[in-house]
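Okay, so here's the structure we're looking at.
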Amino acid sequence: MHIQGKLWRDYLFQMFACLGLCVSAFAANPEANGLSLVGLQRGTSVELTISGARLGDAHSLLFYSPGLTATGITKVDDNNIKATITAAADAACDLYPFRVITNTGISNMRLLNVSALPSVAEIEPNTEFPAAQIIEYNSTINGVVLNEDVDYYAVDLKQGQLLNVELEGLRHSYLNDFFDPYVAIYDAKRFEITASDDSVFLQQDCLCSMVAPADGRYTIEVRESSFGGNERARYRLHVGGFPRPVAIVPSGGPPGQPLVATCIDLLGNSWQETFDMPATESEVHRVWSKKDGFQSPSPNYLCVNSLPNVLETEPNSDHNAISTSYPVPVAFNGILESEKDKDFWVFEAKKDQQLEIRVRARVPMRSSVDPVLQIFKVGGGALANNDDSNGPDSYLSFKVPEDGKFAVSVSDHLGRFGKHFAYRVEIKLQTPEVGTTVNEQDRYFSQVVGVPRGARMAVEVNVVRKFVGGEARVVAVDLPPGMTQSDGICAADQGTIQVIFRGDAGAPNVGKLVDLTATIATSPEKSLVGRLTQRTQLLRGQNNVDVWGRSESKLAVALSDPVPFDIEVVQPQVPLVRNGSLNLIVNAKRNPGFDKPIVLRLLNTPPGMGFSSVTIPGDQTSIALPLTANNGAAIRNWPLVVMATSDSGFGPIKIASEFVNVDVIDSLFDFKFGKTMSEQGKTVDVVVGAKLKKPVEGTVEIEILGIPPGTLTATPKISFAADATQAVFPLQVPVETRAGNYKTIICRATVTSDKGVITQTNGNGEIQVDVPIVPPAATTVAAAPAPAATAPADPAAKPLSRLEQLKLQRGKQ
């Protein structure tokens, strides 16, 4: 029998399962932590080594953008693989996010760069200025900065020749491997001409621009800003005369129409270009400047929408002196060119119009402007202002108070300025929007969907509604063959739903990027459709601050090998009442030989509901997962998903249960607790007011809990009649019971039927235990002597004051 590749692996797995064996080499949760290089030239191929953890069973790389392909994926060892990466001849010059897909999971995201310039490898030693590595003008260097390393590169220039140096370093960092690069350019005498550390345009990477003052050799220095570094501090250094605009004005335009715009570089040089715009609106559209046969090594970002563009006309520093006004919607495009520049624009609006006013600068254009937004009434004063409401940019939701002309102003928070300090103000009527996001299950790691064949995975999807309401349908579009999803209906009064993805046992292992859409019907004929926005943190700073990452519109999903266990949740037949508890019974199905503990938790906890994570021991197959509901728990039928995590010995394995429905209802009992008074050595009845709020089926019992330590009750649990109004518990208080006030009394009521047990717990009652009062001992009282004769009071004597009377009385005692 001849079985190859995947068929052989599947055959072995099925054979082992039939024989009752456990496949122990399930290497879940792959990690891609290191890359042997971080980019290549388009139209070429390179061999890439990816290092990390649990990568040995990799079968493909999943790229988020077209232009790169991976072939010849081979296992080096369990934690390292090699692959041949090919960049298409027309691949865009950009960063390409990708994930490694293994037979047991989906890795974290990493990035590869594609450039138009030839790639050159760093050659050591190049750590001394006189021994700088000589490179060609218009080339890209693949380098690495080791600890305390400094790399020098020399390039020959003619007088007046432009030199742009753009570095990708921080953007190739991962997690806490913070590579903060620094670049400087020197002349032959080691005089620094320009330097860069933390360019806003390049997400804190480096950008230097200069014009050679004379013929000669110029040296580029690359290092870590604080002289750190390590084997993973890899970079791509683009060196040449390529165009490098850092601002484009206008910063957006209408869909489907060419945009004629002015490009501005770091030196303040400007030129005009025409950019093709896509047919549909987009928050971020990538464009590349092309000039003299070269193009920028990374894109600029433009907005694509139907707002009419207006370009800045000076003077515009006084809103009361501007004669030209524009009706909304409109987009104003300007530059803060002078010190403490403040630009005004005038627009016309009608009373009660609901406007969205947004300044776009840092996002998405990566402008140096830190904008401050203000709204004025023409001929009047300020009406509203904002700074940093839209992340680093500004945003206002503005209701127009009256018909007329209004002015919007833009300034930099610190009064900075420059020829490339561009911004765009968009004013439009509030427009309904909908979209989706996916909650992280492991903090700081964007969620992916790895579905074991024959099992399930579940995620929480948020439906983001803006100026729109109604029921939404969430759909993962065009899933891989053999993968399906649960019906994703998000009720109008909810913002989050759980979606279960199921894997067919006979499907192939395959990964894919899919759209995750939300659709709201706004009328019988029209629907509003929105897509996913998913942020992936690639670099974290102190306190896990998001320093650098990517926002993508696709969700990574994959079918993977079967896992050696499954879970099944028994559907409860009784409700969970407010102030009550309910045990979910979870049964584990283990493959023979699989004896690892299985940790259980809920994927999502509805409002007012709580749970305690539990673990099924390795030698057991069932456990109760306790649920509770507080007095404000939302009353409805809630679909719940139990997540199960175990460890194969090669990484965590995670699956989801099917939905289990828990009906949350109002409490069944009204309890009223009074204060019970008792003394040591006596018996007292603890009386609790109790009443059933509605008829129930089954046996009703009430149990008293939390009685003072040492006290006894012969009937801690009593039967309770449907028409009863109180529960009485005789309590014996021994002499040795410590006196005091005990506010610990609670009552647990249960309704037991053949469907199960309904439990409600309320408190707190109060018991006061006192020390008995000892009566005084009996004594014989002697006859009082006859009062002595007293002289009659002198009517002329001065009467004693009350204080004097008390003193006199005290003296007689």
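As shown in the structure tokens, the chain order sets the letters A, B, ...; within each chain, residues go from 1, and ligands are also counted from 1 in the order they appear.
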Need the shell around Gly511 of chain A: protein/DNA/RNA residues with any atom at most 9 Å away, counting only C-alpha atoms. Skip same-chain ones fewer than 3 positions apart. Format as a PyMOL selection string?
chain A and resi 60-62+101-102+106+450+480+556-560
12 Å contact set for Thr313 of chain A, only C-alpha atoms, chain neighbours under 2 positions out, as JSON, numbers by chain:
{"A": [310, 311, 315, 316, 317, 322, 323, 324, 332, 333, 334, 335, 336, 343, 344, 345, 346]}
How would the residues just picked look written out with C-alpha atoms as a PDB file, in the first residue's frame?
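Once everything was written out, this is out.pdb:
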ATOM      1  CA  VAL A 310     -10.976  72.288  -0.625  1.00  0.00           C
ATOM      2  CA  LEU A 311      -7.319  73.402  -0.600  1.00  0.00           C
ATOM      3  CA  PRO A 315      -4.572  84.305   4.658  1.00  0.00           C
ATOM      4  CA  ASN A 316      -6.858  82.172   6.813  1.00  0.00           C
ATOM      5  CA  SER A 317      -5.880  83.073  10.376  1.00  0.00           C
ATOM      6  CA  ILE A 322     -12.798  84.793   5.576  1.00  0.00           C
ATOM      7  CA  SER A 323     -15.350  85.575   2.881  1.00  0.00           C
ATOM      8  CA  THR A 324     -15.591  82.128   1.268  1.00  0.00           C
ATOM      9  CA  PHE A 332     -10.487  70.922   4.065  1.00  0.00           C
ATOM     10  CA  ASN A 333      -6.819  70.195   3.286  1.00  0.00           C
ATOM     11  CA  GLY A 334      -4.048  72.389   4.662  1.00  0.00           C
ATOM     12  CA  ILE A 335      -0.512  72.735   6.036  1.00  0.00           C
ATOM     13  CA  LEU A 336       0.684  74.375   9.258  1.00  0.00           C
ATOM     14  CA  ASP A 343      -5.805  77.712  10.120  1.00  0.00           C
ATOM     15  CA  PHE A 344      -9.511  78.597   9.879  1.00  0.00           C
ATOM     16  CA  TRP A 345     -12.095  77.274   7.441  1.00  0.00           C
ATOM     17  CA  VAL A 346     -15.711  78.423   7.145  1.00  0.00           C
TER      18      VAL A 346
END
Please list as a list in words every residue within 10 Å of Lys291 of chain A, counting only C-alpha atoms and excluding residues in the same chain fewer than 2 positions away.
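Counting only the stated atoms, we get Gly241, Phe242, Pro243, Arg244, Trp271, Glu273, Trp288, Ser289, Gly293, Phe294, Gln295 and Ser296 of chain A.
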Pick out the closest residue to Arg362 of chain A from this set: A:Ser225, A:Ser199, A:Thr737, A:Thr699. Count only C-alpha atoms.
A:Ser199
Could you give me, as a Markdown table, every segment 539-596 of chain A residue with an atom at most 8 Å from segment 162-184 of chain A, plus its closest atom pair and distance in Å to one decimal, counting only C-alpha atoms, rows ordered by chain then number?
| residue | atom | partner | partner_atom | distance |
| --- | --- | --- | --- | --- |
| A:Leu539 | CA | A:Leu175 | CA | 4.4 |
| A:Arg540 | CA | A:Leu175 | CA | 5.4 |
| A:Gly541 | CA | A:Asn176 | CA | 6.7 |
| A:Trp548 | CA | A:Arg171 | CA | 6.8 |
| A:Gly549 | CA | A:Arg171 | CA | 8.0 |
Suppose we keep all heavy atoms; can you now write the selection as a CSV table (one decimal), in the first residue's frame?
chain,number,residue,atom,x,y,z
A,539,LEU,N,4.5,45.0,18.8
A,539,LEU,CA,5.6,45.5,19.7
A,539,LEU,C,4.9,46.1,20.9
A,539,LEU,O,4.1,47.0,20.8
A,539,LEU,CB,6.5,46.4,19.0
A,539,LEU,CG,7.7,46.9,19.9
A,539,LEU,CD1,8.6,45.8,20.3
A,539,LEU,CD2,8.5,48.0,19.1
A,540,ARG,N,5.3,45.7,22.1
A,540,ARG,CA,4.7,46.3,23.4
A,540,ARG,C,5.8,47.0,24.1
A,540,ARG,O,7.0,46.5,24.2
A,540,ARG,CB,4.1,45.2,24.2
A,540,ARG,CG,3.0,44.4,23.5
A,540,ARG,CD,2.2,43.7,24.5
A,540,ARG,NE,2.9,42.7,25.3
A,540,ARG,CZ,2.9,41.4,25.1
A,540,ARG,NH1,2.3,40.9,24.0
A,540,ARG,NH2,3.5,40.6,25.9
A,541,GLY,N,5.5,48.1,24.7
A,541,GLY,CA,6.4,48.9,25.5
A,541,GLY,C,6.2,48.6,27.0
A,541,GLY,O,5.6,47.6,27.4
A,548,TRP,N,3.6,49.4,18.4
A,548,TRP,CA,3.5,49.2,17.0
A,548,TRP,C,2.7,48.0,16.7
A,548,TRP,O,2.8,47.0,17.4
A,548,TRP,CB,4.9,49.1,16.4
A,548,TRP,CG,5.0,48.4,15.1
A,548,TRP,CD1,5.7,47.2,14.8
A,548,TRP,CD2,4.5,48.8,13.8
A,548,TRP,NE1,5.6,46.9,13.5
A,548,TRP,CE2,4.8,47.8,12.8
A,548,TRP,CE3,3.7,49.9,13.4
A,548,TRP,CZ2,4.4,47.9,11.5
A,548,TRP,CZ3,3.3,50.0,12.1
A,548,TRP,CH2,3.7,49.0,11.1
A,549,GLY,N,1.9,48.0,15.6
A,549,GLY,CA,1.1,46.9,15.3
A,549,GLY,C,0.4,47.1,13.9
A,549,GLY,O,0.7,48.1,13.2
Identify which of the residues A:Ser446, A:Phe201, A:Gln374, A:Phe406 lies closest to Ala361 of chain A, counting only C-alpha atoms when measuring atom-to-atom distances.
A:Phe201
Using DSSP on the backbone, list every residue of segment 329-395 of chain A that comes out as strand (DSSP E or B), and give them as a ChimeraX atom specification.
/A:330-335,342-349,354-360,371-377,382-387,390,393-395
For segment 758-768 of chain A: contacts at 9 Å, only C-alpha atoms, fewer than 4 positions along chain excluded, given as an NGL selection string:
:A and (574-582 or 667-679 or 686 or 688 or 707-708 or 739-753)
Name all residues at most 10 Å from Val145 of chain A (count only C-alpha atoms; drop same-chain ones fewer than 4 positions away) and give them as a PyMOL selection string.
chain A and resi 149-151+169+179+181+222-224+227-235
Non-local contacts of Gln161 of chain A (12 Å; only C-alpha atoms; under 6 positions in same chain excluded) as a ChimeraX atom specification:
/A:137,155,209-218,240-242
May I have the residues within 9 Å of Gln485 of chain A as a PyMOL selection string, using only C-alpha atoms and disregarding those fewer than 5 positions away in the same chain?
chain A and resi 475-476+479+499-502
Export N, CA and C atoms of the chosen residues as a compact mmCIF listing (two decimals), in the first residue's frame?
# COMPACT_ATOMS: atom_id res chain seq x y z
N VAL A 475 -21.35 37.00 9.75
CA VAL A 475 -21.03 35.89 8.86
C VAL A 475 -19.54 35.91 8.56
N ALA A 476 -18.90 34.75 8.72
CA ALA A 476 -17.53 34.55 8.23
C ALA A 476 -17.66 34.04 6.80
N LEU A 479 -15.65 30.30 4.19
CA LEU A 479 -14.76 29.52 5.05
C LEU A 479 -14.12 28.37 4.27
N VAL A 499 -19.66 33.05 18.48
CA VAL A 499 -19.75 32.31 17.21
C VAL A 499 -18.92 31.04 17.35
N ILE A 500 -19.54 29.91 17.06
CA ILE A 500 -18.87 28.62 17.10
C ILE A 500 -18.48 28.22 15.69
N PHE A 501 -17.23 27.82 15.53
CA PHE A 501 -16.75 27.29 14.25
C PHE A 501 -16.55 25.78 14.42
N ARG A 502 -17.07 25.01 13.48
CA ARG A 502 -17.02 23.55 13.57
C ARG A 502 -16.17 23.00 12.43
For the structure I just gave you, how does DSSP split segment 26-258 of chain A - specifically, which residues are helix (DSSP H, G or I)? Reply as number ranges by chain.
A: 129-131, 170-172
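Going from atom CA of Ala92 of chain A over to atom CA of Glu426 of chain A, you cover 28.7 Å.
Across the structure, atom CA of Val771 of chain A and atom CA of Leu731 of chain A are spaced 16.2 Å apart.
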